[in-house]
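Undergrad: So that we are looking at the same thing, I have put the structure below in structure tokens.
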Amino acid sequence: MKHFIQILVLCIGIPMGAGAQTFTQRLQKQPTAGQGSVTIHQSDSIDQLVNSTVLTVKGTTATTTAPTTPTTPKPATPSTTSKTSTTSTTSLTSPSTTVVPDTMPKMIRNGHKVVGYRVQAFAGGNSRKDRQKAEQVRNSIKSHYPNVPVYVHFYSPRWICRVGNYRTYEEAHQMLVSLRDLGFDQATIVKGKITVAY
């Protein structure tokens, strides 16, 4: 009985949806006095994606595609094409969007928490800009030291970026000198809980 009701609802809903206007047809409707008009140029696959309707009835899904109006793509001028390709090339090679993959695991398996040292490379405020700055510092450090763990955390009220898990002050001091050579003049050594594998 449940299947019969589901099929009945689908059969009634599909013809009702087929007669309705599609999204692009509503945008391209004839303008009234004092309003502008919209012209859409897109491929058939995008038109089907935008104008298809998904009906869900208790676990079953049916996709209906509303009738589409044929769209003719506008030929691109050579100057527009060259500008677009130049823009996309520069956005892909921009150094600000470079993401360095984290090669170290986030958690050290069978790790023990002990008192040790880390080098704090950045300490900001609690804004989104400070979080982004902390992540930029992490990416910069990871590009120079890919095998050293770098942590970005929010310790109220600020975002911080800390480097390494050092048992002794001398080990942490070596990393501190390296980070200051990279330009992190505000880097300091902090004592706290670290995770070690042994």
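By order in the structure tokens, chains are A, B, ...; within a chain, residues start at 1; ligands start at 1, following the order shown.
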Find the spatial neighbours of Arg128 in chain A, counting only C-alpha atoms, within a cut-off of 12 Å - ignore same-chain residues fewer than 4 positions away - and output them as a PyMOL selection string.
TA: chain A and resi 124+132-135+154+158-159
Undergrad: Find, counting only C-alpha atoms, the residue in A:Ile160, A:Tyr169, A:Ala121, A:Arg131 that gets nearest to Gly183 in chain A.
TA: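 For Gly183 in chain A, the nearest of the candidates is A:Ala121.
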Undergrad: Extract, using only C-alpha atoms, all DNA, RNA and protein residues at most 7 Å from Tyr151 in chain A, discarding same-chain residues fewer than 5 positions from it, and format them as a VMD selection string.
TA: chain A and resid 161 to 163
